[in-house]
file coords_18.cif (mmCIF, C-alpha atoms)
data_structure
#
loop_
_atom_site.label_atom_id
_atom_site.label_comp_id
_atom_site.auth_asym_id
_atom_site.auth_seq_id
_atom_site.Cartn_x
_atom_site.Cartn_y
_atom_site.Cartn_z
CA ARG A 1 -66.91 59.29 46.56
CA ASP A 2 -64.96 56.19 45.72
CA GLY A 3 -67.64 54.48 43.61
CA ASN A 4 -70.72 55.27 41.51
CA ASN A 5 -73.30 56.57 44.01
CA SER A 6 -73.88 58.63 47.14
CA GLU A 7 -73.43 55.56 49.36
CA ALA A 8 -69.84 54.95 48.17
CA PRO A 9 -67.03 55.70 50.64
CA LEU A 10 -66.30 59.42 50.99
CA ILE A 11 -62.77 60.36 49.91
CA ILE A 12 -62.90 64.04 50.88
CA GLU A 13 -65.39 66.70 51.95
CA HIS A 14 -64.27 70.22 51.11
CA ASP A 15 -65.36 73.84 51.43
CA GLY A 16 -63.64 77.23 51.35
CA SER A 17 -60.82 78.04 48.96
CA SER A 18 -57.75 76.01 49.97
CA LEU A 19 -56.81 73.45 47.33
CA PRO A 20 -56.32 69.86 48.48
CA SER A 21 -53.70 67.52 47.07
CA PRO A 22 -54.74 65.46 44.05
CA ILE A 23 -57.41 62.92 44.97
CA VAL A 24 -57.00 59.30 43.83
CA SER A 25 -59.76 56.70 43.69
CA THR A 26 -59.28 53.02 44.42
CA THR A 27 -61.91 52.04 41.82
CA ASN A 28 -62.61 53.07 38.24
CA GLN A 29 -65.55 55.27 39.30
CA ILE A 30 -65.88 58.60 41.11
CA TYR A 31 -69.11 60.20 42.36
CA ILE A 32 -68.91 63.95 43.04
CA GLN A 33 -71.60 66.07 44.69
CA PHE A 34 -71.82 69.82 45.21
CA LEU A 35 -74.43 71.24 47.59
CA SER A 36 -74.99 74.92 48.39
CA ASP A 37 -77.16 76.38 51.12
CA GLY A 38 -79.10 79.65 51.13
CA SER A 39 -76.50 81.91 52.73
CA VAL A 40 -73.38 83.01 50.84
CA THR A 41 -72.45 81.91 47.32
CA SER A 42 -69.01 82.12 45.77
CA LYS A 43 -67.27 81.68 42.41
CA GLY A 44 -67.32 77.88 42.29
CA PHE A 45 -64.63 75.44 41.24
CA ASN A 46 -62.78 73.78 38.42
CA PHE A 47 -61.52 70.21 38.47
CA SER A 48 -60.00 67.80 36.01
CA TRP A 49 -59.55 64.06 36.04
CA VAL A 50 -57.41 61.48 34.35
CA SER A 51 -57.30 57.70 34.50
CA TYR A 52 -53.94 56.07 34.67
CA LYS A 53 -51.69 53.14 35.21
CA GLY A 54 -48.52 54.70 33.83
CA CYS A 55 -46.35 57.78 34.55
CA THR A 56 -47.14 61.35 35.61
CA TYR A 57 -45.66 64.62 34.35
CA ASN A 58 -46.80 68.19 34.99
CA GLY A 59 -50.04 67.01 36.60
CA ASN A 60 -50.90 64.68 33.71
CA VAL A 61 -50.76 60.89 33.64
CA TYR A 62 -49.26 59.01 30.69
CA ALA A 63 -49.51 55.38 29.69
CA ILE A 64 -46.56 53.02 29.28
CA GLY A 65 -44.82 53.83 25.99
CA ASP A 66 -45.95 57.48 25.87
CA VAL A 67 -43.27 60.06 25.12
CA VAL A 68 -43.16 63.58 26.58
CA LYS A 69 -40.95 66.53 25.81
CA TYR A 70 -40.38 68.96 28.61
CA PRO A 71 -38.57 72.28 28.46
CA GLN A 72 -35.64 73.36 30.57
CA LEU A 73 -33.60 76.57 30.71
CA ASN A 74 -36.50 78.87 29.77
CA CYS A 75 -37.55 76.78 26.75
CA SER A 76 -34.10 76.72 25.16
CA ILE A 77 -33.60 72.95 25.64
CA CYS A 78 -36.19 70.19 25.49
CA MET A 79 -35.68 66.83 27.10
CA GLU A 80 -37.55 63.80 25.83
CA ALA A 81 -38.57 60.86 28.01
CA THR A 82 -40.51 57.62 27.55
CA CYS A 83 -42.81 56.10 30.17
CA GLU A 84 -41.61 52.58 31.02
CA ASN A 85 -43.21 50.63 33.87
CA GLY A 86 -44.21 53.76 35.79
CA MET A 87 -40.82 55.53 35.39
CA TRP A 88 -39.60 58.14 32.90
CA ILE A 89 -36.53 57.14 30.89
CA GLU A 90 -34.80 60.16 29.31
CA ASN A 91 -34.02 59.74 25.62
CA ASN A 92 -32.42 62.91 24.29
CA ALA A 93 -32.39 66.72 24.28
CA ASN A 94 -32.96 69.26 21.53
CA ASN A 95 -34.04 72.86 20.94
CA CYS A 96 -37.66 73.29 21.90
CA SER A 97 -38.33 77.03 21.82
CA LYS A 98 -41.02 76.33 19.22
CA ASN A 99 -42.92 74.30 21.86
CA CYS A 100 -43.45 77.30 24.16
CA CYS A 101 -46.20 79.89 23.72
CA GLU A 102 -45.78 83.66 23.93
CA GLU A 103 -48.24 86.17 25.37
CA ASP A 104 -47.42 89.85 25.98
CA GLY A 105 -43.68 89.20 25.71
CA GLN A 106 -43.67 86.34 28.22
CA LEU A 107 -42.92 82.68 27.40
CA TYR A 108 -45.21 79.97 28.76
CA LEU A 109 -44.24 76.32 28.99
CA PRO A 110 -46.19 73.65 27.11
CA GLU A 111 -49.31 72.47 28.95
CA SER A 112 -49.70 75.75 30.86
CA TYR A 113 -52.84 77.87 31.13
CA ILE A 114 -53.55 81.62 31.19
CA ASN A 115 -56.56 83.95 31.10
CA CYS A 116 -58.56 82.21 33.82
CA LYS A 117 -57.47 78.87 32.37
CA THR A 118 -59.35 79.44 29.11
CA LYS A 119 -56.14 79.51 27.05
CA TYR A 120 -53.92 76.40 26.88
CA CYS A 121 -50.38 76.17 25.47
CA ASP A 122 -50.43 73.09 23.23
CA TYR A 123 -46.73 72.84 22.33
CA GLY A 124 -46.32 76.14 20.50
CA THR A 125 -49.95 76.99 19.82
CA TRP A 126 -52.50 78.66 22.08
CA VAL A 127 -55.80 76.78 22.00
CA PRO A 128 -59.06 77.53 23.82
CA ARG A 129 -59.68 75.21 26.72
CA PRO A 130 -62.87 73.14 26.40
CA LEU A 131 -65.52 73.73 29.04
CA ASP A 132 -68.13 71.32 30.26
CA PRO A 133 -71.23 71.70 28.04
CA GLN A 134 -73.58 70.85 30.92
CA CYS A 135 -74.49 73.49 33.46
CA CYS A 136 -74.61 71.34 36.57
CA GLY A 137 -73.73 67.68 36.80
CA GLY A 138 -73.50 64.87 34.29
CA GLU A 139 -72.13 61.42 33.57
CA TYR A 140 -68.76 60.97 31.88
CA VAL A 141 -67.23 57.82 30.45
CA GLU A 142 -63.90 59.34 29.43
CA THR A 143 -60.27 58.72 30.35
CA SER A 144 -59.75 62.42 31.09
CA GLY A 145 -61.64 65.68 31.14
CA SER A 146 -62.35 68.85 33.05
CA ILE A 147 -65.38 70.53 34.57
CA GLN A 148 -65.84 74.13 35.59
CA TYR A 149 -68.84 75.10 37.72
CA PRO A 150 -70.53 77.46 37.26
CA ILE A 151 -69.80 78.07 33.59
CA TYR A 152 -71.91 81.05 32.67
CA THR A 153 -73.50 83.27 35.31
CA ILE A 154 -74.38 86.95 35.27
CA ASP A 155 -72.88 87.77 38.66
CA GLY A 156 -70.02 85.24 38.52
CA SER A 157 -71.25 83.00 41.33
CA TYR A 158 -73.29 79.82 41.68
CA PRO A 159 -76.92 79.99 42.89
CA ASP A 160 -78.35 79.21 46.34
CA TYR A 161 -79.66 75.71 47.08
CA ILE A 162 -77.92 74.05 44.14
CA ARG A 163 -77.50 70.26 44.01
CA CYS A 164 -75.07 68.93 41.39
CA THR A 165 -73.85 65.39 40.80
CA TRP A 166 -71.09 64.24 38.46
CA LYS A 167 -70.37 60.56 37.81
CA ILE A 168 -67.07 59.66 36.19
CA THR A 169 -66.27 56.16 34.93
CA VAL A 170 -62.94 55.12 33.41
CA ALA A 171 -61.63 51.78 32.13
CA SER A 172 -62.07 48.89 34.60
CA ASP A 173 -58.32 48.28 34.97
CA THR A 174 -57.48 51.90 35.87
CA VAL A 175 -58.09 54.34 38.72
CA THR A 176 -58.89 58.06 38.59
CA LYS A 177 -56.94 61.05 39.81
CA ILE A 178 -58.91 64.27 40.44
CA TYR A 179 -57.16 67.65 40.42
CA LEU A 180 -59.00 70.58 42.01
CA GLU A 181 -57.46 73.47 40.07
CA ASP A 182 -59.64 76.37 41.33
CA LEU A 183 -61.79 76.34 44.41
CA ASP A 184 -63.89 79.15 45.89
CA ILE A 185 -67.00 77.88 47.66
CA GLY A 186 -68.82 79.15 50.74
CA TYR A 187 -68.01 77.63 54.12
CA ASN A 188 -71.56 76.30 54.46
CA ASP A 189 -71.46 74.80 50.95
CA HIS A 190 -69.86 71.41 50.39
CA LEU A 191 -68.01 69.54 47.66
CA TYR A 192 -68.04 65.78 48.31
CA ILE A 193 -65.58 63.55 46.45
#
call {"tool": "encode", "arguments": {"input": "coords_18.cif", "output": "structure tokens"}}
result
Amino acid sequence: RDGNNSEAPLIIEHDGSSLPSPIVSTTNQIYIQFLSDGSVTSKGFNFSWVSYKGCTYNGNVYAIGDVVKYPQLNCSICMEATCENGMWIENNANNCSKNCCEEDGQLYLPESYINCKTKYCDYGTWVPRPLDPQCCGGEYVETSGSIQYPIYTIDGSYPDYIRCTWKITVASDTVTKIYLEDLDIGYNDHLYI
């Protein structure tokens, strides 16, 4: 919801497994609810958020003045660009093979994920992806983050009759973009954003 409580305007109501486009708030707060009934449970979902007022690249948002390097030609050339007033200005190109990560003979671009999104390519180094320390719900005052629900279950699915609420607050002069990266919830269960 586009605000900090269950009365705020609903942005999207979702169920099933089809991924929606990124969701953008009009305020600096987002209120997310997940409700399951007593019929069928599924694997759950994973979403991330970022606050912004700058430029986007590869699903991430960057502030004015930030610099990104992005690979081309299978990691043999890296372009560099600077965010200026919401637009990327290309600076130069150089060899960037060291920025890619290798797994089982395959190259992965920087900022990509593998192994159920638990491994993240951080410009040449694989790092474990942080998971939400809370089981269900929480309040976050962070410019970006990610939440996977459920995190640890024996049978790999969320329980019946679960009620979860996440509240996300970012800086007052920014808005939030939510990316649903994985989604597998029952058709009688609902994710409200």
call {"tool": "atom_distance", "arguments": {"input": "coords_18.cif", "atom1": "atom CA of Asp66 of chain A", "atom2": "atom CA of Glu84 of chain A"}}
result
8.3 Å
call {"tool": "residues_near_point", "arguments": {"input": "coords_18.cif", "point": "(-78.3, 62.9, 34.0)", "cutoff": "10 Å", "atoms": "all atoms listed in the file", "output": "number ranges by chain"}}
result
A: 134, 136-140, 165-167
call {"tool": "resolve_selection", "arguments": {"input": "coords_18.cif", "expression": "the PyMOL selection byres ((chain A and resi 7) around 12)", "output": "PyMOL selection string"}}
result
chain A and resi 1-6+8-11+30-33+192-193
call {"tool": "residues_around", "arguments": {"input": "coords_18.cif", "residues": "segment 170-183 of chain A", "least_positions_apart": "6", "cutoff": "10 Å", "atoms": "all atoms listed in the file", "output": "ChimeraX atom specification"}}
result
/A:2,14-30,42-54,59-61,116-117,140-149,191,193
call {"tool": "atom_distance", "arguments": {"input": "coords_18.cif", "atom1": "atom CA of Pro128 of chain A", "atom2": "atom CA of Ile185 of chain A"}}
result
25.1 Å
call {"tool": "atom_distance", "arguments": {"input": "coords_18.cif", "atom1": "atom CA of Ala81 of chain A", "atom2": "atom CA of Tyr120 of chain A"}}
result
21.9 Å
call {"tool": "closest_residue", "arguments": {"input": "coords_18.cif", "among": "A:Tyr161, A:Tyr187, A:Tyr123, A:Tyr108", "to": "Asp37 of chain A", "atoms": "only C-alpha atoms"}}
result
A:Tyr161
call {"tool": "axis_aligned_box", "arguments": {"input": "coords_18.cif", "around": "segment 101-112 of chain A", "padding_each_side": "4 Å", "output": "JSON"}}
result
{"center_x": -46.3, "center_y": 81.2, "center_z": 27.3, "size_x": 14.8, "size_y": 25.4, "size_z": 15.1}
